[in-house]
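These notes concern the structure reproduced below.
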Number of protein chains: 2
Amino acid sequence: MPPASRPWRIETLAGWRGQRITGVASGATDLGTVTIDDVAELAGVSIKTVSRVLNREPHVRESTRLRVEAAAAKLNYTPNVSARALAGSRSYLIGLYYDNPSLGYVGQIEQGAMAACRRAGYHLIVEELLETGSALRDSIVALNARVRPDGVILTPPLCDRPELLEVLEAVKAPYVRIAPSWDLDRSPYVYMDDRKAAYEMTAYLQGLGHRDIAFIGGPPDHVAAASRTEGFAEAMAVAGLEVRAGRIQPGEFSFRSGWDAAERLLKVARDRPTAIFAGNDDMALGVMAVANRLHIEIPADLTLVGFDDSPSAQVIWPRLTTVRQPAAEMASMAADILIERGSGESGSRGRRLDFELIVRDSSGPPGRRG
Amino acid sequence: MPPASRPWRIETLAGWRGQRITGVASGATDLGTVTIDDVAELAGVSIKTVSRVLNREPHVRESTRLRVEAAAAKLNYTPNVSARALAGSRSYLIGLYYDNPSLGYVGQIEQGAMAACRRAGYHLIVEELLETGSALRDSIVALNARVRPDGVILTPPLCDRPELLEVLEAVKAPYVRIAPSWDLDRSPYVYMDDRKAAYEMTAYLQGLGHRDIAFIGGPPDHVAAASRTEGFAEAMAVAGLEVRAGRIQPGEFSFRSGWDAAERLLKVARDRPTAIFAGNDDMALGVMAVANRLHIEIPADLTLVGFDDSPSAQVIWPRLTTVRQPAAEMASMAADILIERGSGESGSRGRRLDFELIVRDSSGPPGRRG
DNA sequence: TAGCCTTTTGACAGCGCTGTCTTAGACGCT
DNA sequence: AGCGTCTAAGACAGCGCTGTCAAAAGGCTA
């Protein structure tokens with residue numbers, strides 16, 4: 001016989017959580033107040049057995065498992081995360097920590113991570129971490145004491161702060177980095193092959209017939225940016241095309257820096273590249289603005305492509321040809337790694353995901369006009 | 001004497017959470033494993049007294065309070081959210097539920113809500129709710145059983161789904177809506193005065209000298225959109241300016257619909273408005289694309305303004321004059337209302353926040369050219 | 001100094017689960 | 001029949017806090 005535990009319970013209207021008062025027996029309990037005891041009673045087993053079924057532990061007879069599952073389904077039972085966290089070794093919470101000012105990027109990451117969490121019954125705790133140094137350390141320690149997430153997902157550029165990694169290791173919080181720049185052996189991470197994506201984009205431009213292609217790079221300490229520049233240069237070299245002096249312009253990944261680079265690139269009307277490959281979309285938009293001002297038509301007079309597939313890339317005209325980062329997928333994968341925890345030691349710690357070339361309206365064959 | 005509870009404890013290296021093993025006494029405990037017992041012991045009081053101090057309950061002598069606070073500070077103590085949730089009536093978790101496809105908007109909301117949560121020691125659980133009808137109901141019931149958030153923030157247009165509100169009320173989860181359209185007495189909400197913002201923007205255009213101003217509206221069932229149209233019409237009426245037939249164009253808040261409206265508006269070169277006020281930024285960008293194609297210079301030939309201050313509004317040229325919604329502030333306020341729970345019954349349930357007119361480069365006096 | 005009231009503090013149960021240990025039963029072998 | 005071995009299931013403690021209630025400590029008056 002299972003222990004008789006609270007055979008009836010009714011929520012008073014008074015309280016927030018409600019005090020239990022004795023009342024008429026009732027099969028169904030109040031919405032959202034079903035506990036493991038209720039399931040155990042209905043199934044005629046102990047709560048431990050219910051727990052076993054819930055957690056897919058072995059040593060439960062098939063018939064028992066079915067009975068428990070039926071009872072849980074009938075009562076619409078959902079285990080309480082706080083109780084699980086307190087009693088067990090998992091909190092069913094995944095932290096998503098970011099410091100990225102780009103709302104769109106973080107939003108995609110978030111959606112991907114959320115989807116993975118939902119599939120596994122986890123939840124996402126999102127925190128914006130703007131501190132650095134010891135303030136960051138303190139925040140993490142406090143955060144970890146408070147919620148004890150089962151793992152955290154770190155987005156760039158936050159994922160490259162050494163003090164963060166140190167403190168996460170100190171509090172033994174597993175983490176997965178998304179597109180980290182350094183120290184790749186330190187933890188599991190997911191990434192996209194920026195080099196290859198830039199290579200492919202460049203090859204696409206070459207396939208269109210472009211020979212004189214300019215590239216606008218990113219911040220020097222940004223490893224992904226450097227990879228993009230490399231991919232571009234490599235594709236040009238492989239195709240046997242010369243990259244003339246000044247055809248690789250520095251940039252900062254900002255609209256403004258794209259604008260400035262475009263002014264340098266397009267200044268001399270007789271000596272313009274037929275295509276410009278901007279290291280990210282924001283800079284591409286800067287180029288587009290300059291082109292508009294100079295009455296250079298895209299793509300008729302100039303092909304322009306970007307990188308990132310930012311939201312803005314679709315709300316301008318011409319819509320920007322660009323590279324889509326699998327941000328949501330990377331985040332899903334990161335969450336999965338954390339949820340299945342420990343499956344990370346096999347071989348390389350990095351998981352690569354595929355980019356996608358998105359061809360829109362800003363690219364075309366060179367000199368269509370002439 | 002306080003109860004002697006675990007005077008020493010050491011985390012083994014083995015376990016995830018670690019089994020406690022006996023070992024040499026040590027003043028400091030491992031990072032992030034300080035409990036209320038440790039604080040109580042150091043302060044020489046019972047855990048209940050520590051709890052009282054933590055929760056700012058009355059009936060604690062000043063000297064005791066200071067002693068406890070010092071002990072807590074020394075040990076770097078942070079109460080565990082799961083334990084608090086399980087034992088008490090608060091989970092220290094606020095839910096942010098959304099279904100809005102606009103990443104930027106949700107991102108701003110999120111940041112605002114997060115800031116408020118952090119100030120109060122709360123955390124944000126973010127969930128994307130794409131279901132409708134009874135699937136939505138089920139999701140909410142499960143979510144609530146799982147994490148029992150102390151309150152939830154609902155963003156538009158999710159906040160206008162009646163089944164959502166019903167089920168939240170059924171599970172007694174307090175909620176605050178952001179910019180809801182209907183049923184305003186039903187719950188606390190925060191909003192911005194769209195009507196007034198549109199009025200002010202129109203007045204600004206009039207102040208610039210524009211008389212023939214066109215407006216592109218939003219979806220008919222979108223209450224905020226309707227308010228914007230009203231604000232525009234009212235400002236025109238108050239200024240004694242005629243709104244000619246066809247000068248108010250329907251739109252869908254999408255880039256494409258802005259484009260289509262612009263084509264109608266700008267078709268006849270001899271009969272163009274001198275200014276176009278788009279009901280949101282995405283549509284304004286559509287207008288801008290058409291203007292570019294037609295070689296209409298903004299703002300020299302045409303003034304264009306938007307509404308929302310979306311991220312894209314700043315990465316185009318000319319940068320868009322627009323209305324900034326106080327999204328982050330609304331979310332902060334929503335979170336505060338939930339955290340201080342219950343202070344909402346005083347007077348109107350709505351809290352209004354101020355918009356901001358952001359004048360950039362896309363607006364200027366009419367006919368500068370002519 | 002007893003008696004009463006108010007303020008401060010502590011003991012203890014228990015929130016809803018999981019981890020550990022134990023027991024009950026089924027099965028096989030000598 | 002006796003014993004060891006295995007699987008299935010339950011008893012029980014306890015995670016780290018809060019809520020309730022009871023006890024102790026002060027304060028005041030007569």
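If you're wondering about the labels, chains in the structure tokens are A, B, ... by order shown, residues count from 1 in each chain, ligands from 1 in order shown.
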
Could you pull the residues within 10 Å of DG27 in chain D, counting only C-alpha atoms (C1' of nucleotides), minus those fewer than 6 positions along the same chain, as a ChimeraX atom specification? /C:5-7

Pick out the chain D residues within 9 Å of chain B. Count only C-alpha atoms (C1' of nucleotides). Give them as a count of residues only. 5

Can you build me a table of chain A residues sitting at most 8 Å from chain B, with the closest atom pair per residue and its distance in Å to one decimal, using only C-alpha atoms, sorted by chain and residue number, as a tab-separated table?
residue	atom	partner	partner_atom	distance
A:Trp16	CA	B:Ser89	CA	7.3
A:Arg17	CA	B:Ser89	CA	6.3
A:Leu31	CA	B:Val171	CA	6.1
A:Gly32	CA	B:Ala145	CA	5.0
A:Thr33	CA	B:Ala145	CA	7.0
A:Thr78	CA	B:Ala145	CA	6.0
A:Pro79	CA	B:Arg146	CA	5.9
A:Asn80	CA	B:Arg146	CA	4.4
A:Val81	CA	B:Arg146	CA	5.2
A:Ser82	CA	B:Ser82	CA	4.4
A:Ala83	CA	B:Leu86	CA	6.1
A:Ala85	CA	B:Ser82	CA	6.4
A:Leu86	CA	B:Ser82	CA	6.0
A:Ser89	CA	B:Arg17	CA	6.1
A:Leu103	CA	B:Gly104	CA	5.4
A:Gly104	CA	B:Leu103	CA	5.4
A:Val106	CA	B:Gly107	CA	8.0
A:Gly107	CA	B:Leu103	CA	5.6
A:Gln108	CA	B:Leu103	CA	7.7
A:Gln111	CA	B:Glu128	CA	7.4
A:Met114	CA	B:Glu127	CA	7.0
A:His123	CA	B:Ile125	CA	7.0
A:Leu124	CA	B:Ile125	CA	5.8
A:Ile125	CA	B:Ile125	CA	5.0
A:Val126	CA	B:Leu124	CA	6.2
A:Glu127	CA	B:Met114	CA	7.0
A:Glu128	CA	B:Gln111	CA	7.4
A:Val141	CA	B:Gly32	CA	6.2
A:Ala142	CA	B:Thr78	CA	6.1
A:Asn144	CA	B:Gly32	CA	6.8
A:Ala145	CA	B:Gly32	CA	5.0
A:Arg146	CA	B:Asn80	CA	4.4
A:Val147	CA	B:Val81	CA	5.7
A:Ala170	CA	B:Leu31	CA	7.3
A:Val171	CA	B:Leu31	CA	6.1
A:Lys172	CA	B:Trp16	CA	7.7
A:Phe255	CA	B:Val315	CA	5.8
A:Asp282	CA	B:Val315	CA	6.6
A:Leu285	CA	B:Ile316	CA	6.3
A:Gly286	CA	B:Val315	CA	7.0
A:Ala289	CA	B:Trp317	CA	5.1
A:Asn292	CA	B:Asn292	CA	7.5
A:Pro311	CA	B:Ser312	CA	7.7
A:Ser312	CA	B:Ser312	CA	5.2
A:Val315	CA	B:Phe255	CA	5.9
A:Ile316	CA	B:Leu285	CA	6.3
A:Trp317	CA	B:Ala289	CA	5.1
A:Pro318	CA	B:Ala289	CA	7.7

Going by DSSP on the backbone, which residues of range 199-260 of chain B come out as strand (DSSP E or B)? List them as a PyMOL selection string. chain B and resi 213-216+248-249

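Those residues of chain C that fall within 9 Å of chain B when using only C-alpha atoms (C1' of nucleotides) read DT7, DT8, DT9, DG10, DG14, DC15 and DG16 of chain C.
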
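Shortest atom-to-atom contact with Gly364 in chain B among B:Glu263, B:Glu131, B:Glu340, B:Asp301: B:Asp301, counting only C-alpha atoms.
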
Need the shell around DG28 in chain C: protein/DNA/RNA residues with any atom at most 12 Å away, counting only C-alpha atoms (C1' of nucleotides). Skip same-chain ones fewer than 3 positions apart. Format as a PyMOL selection string? chain D and resi 3-6
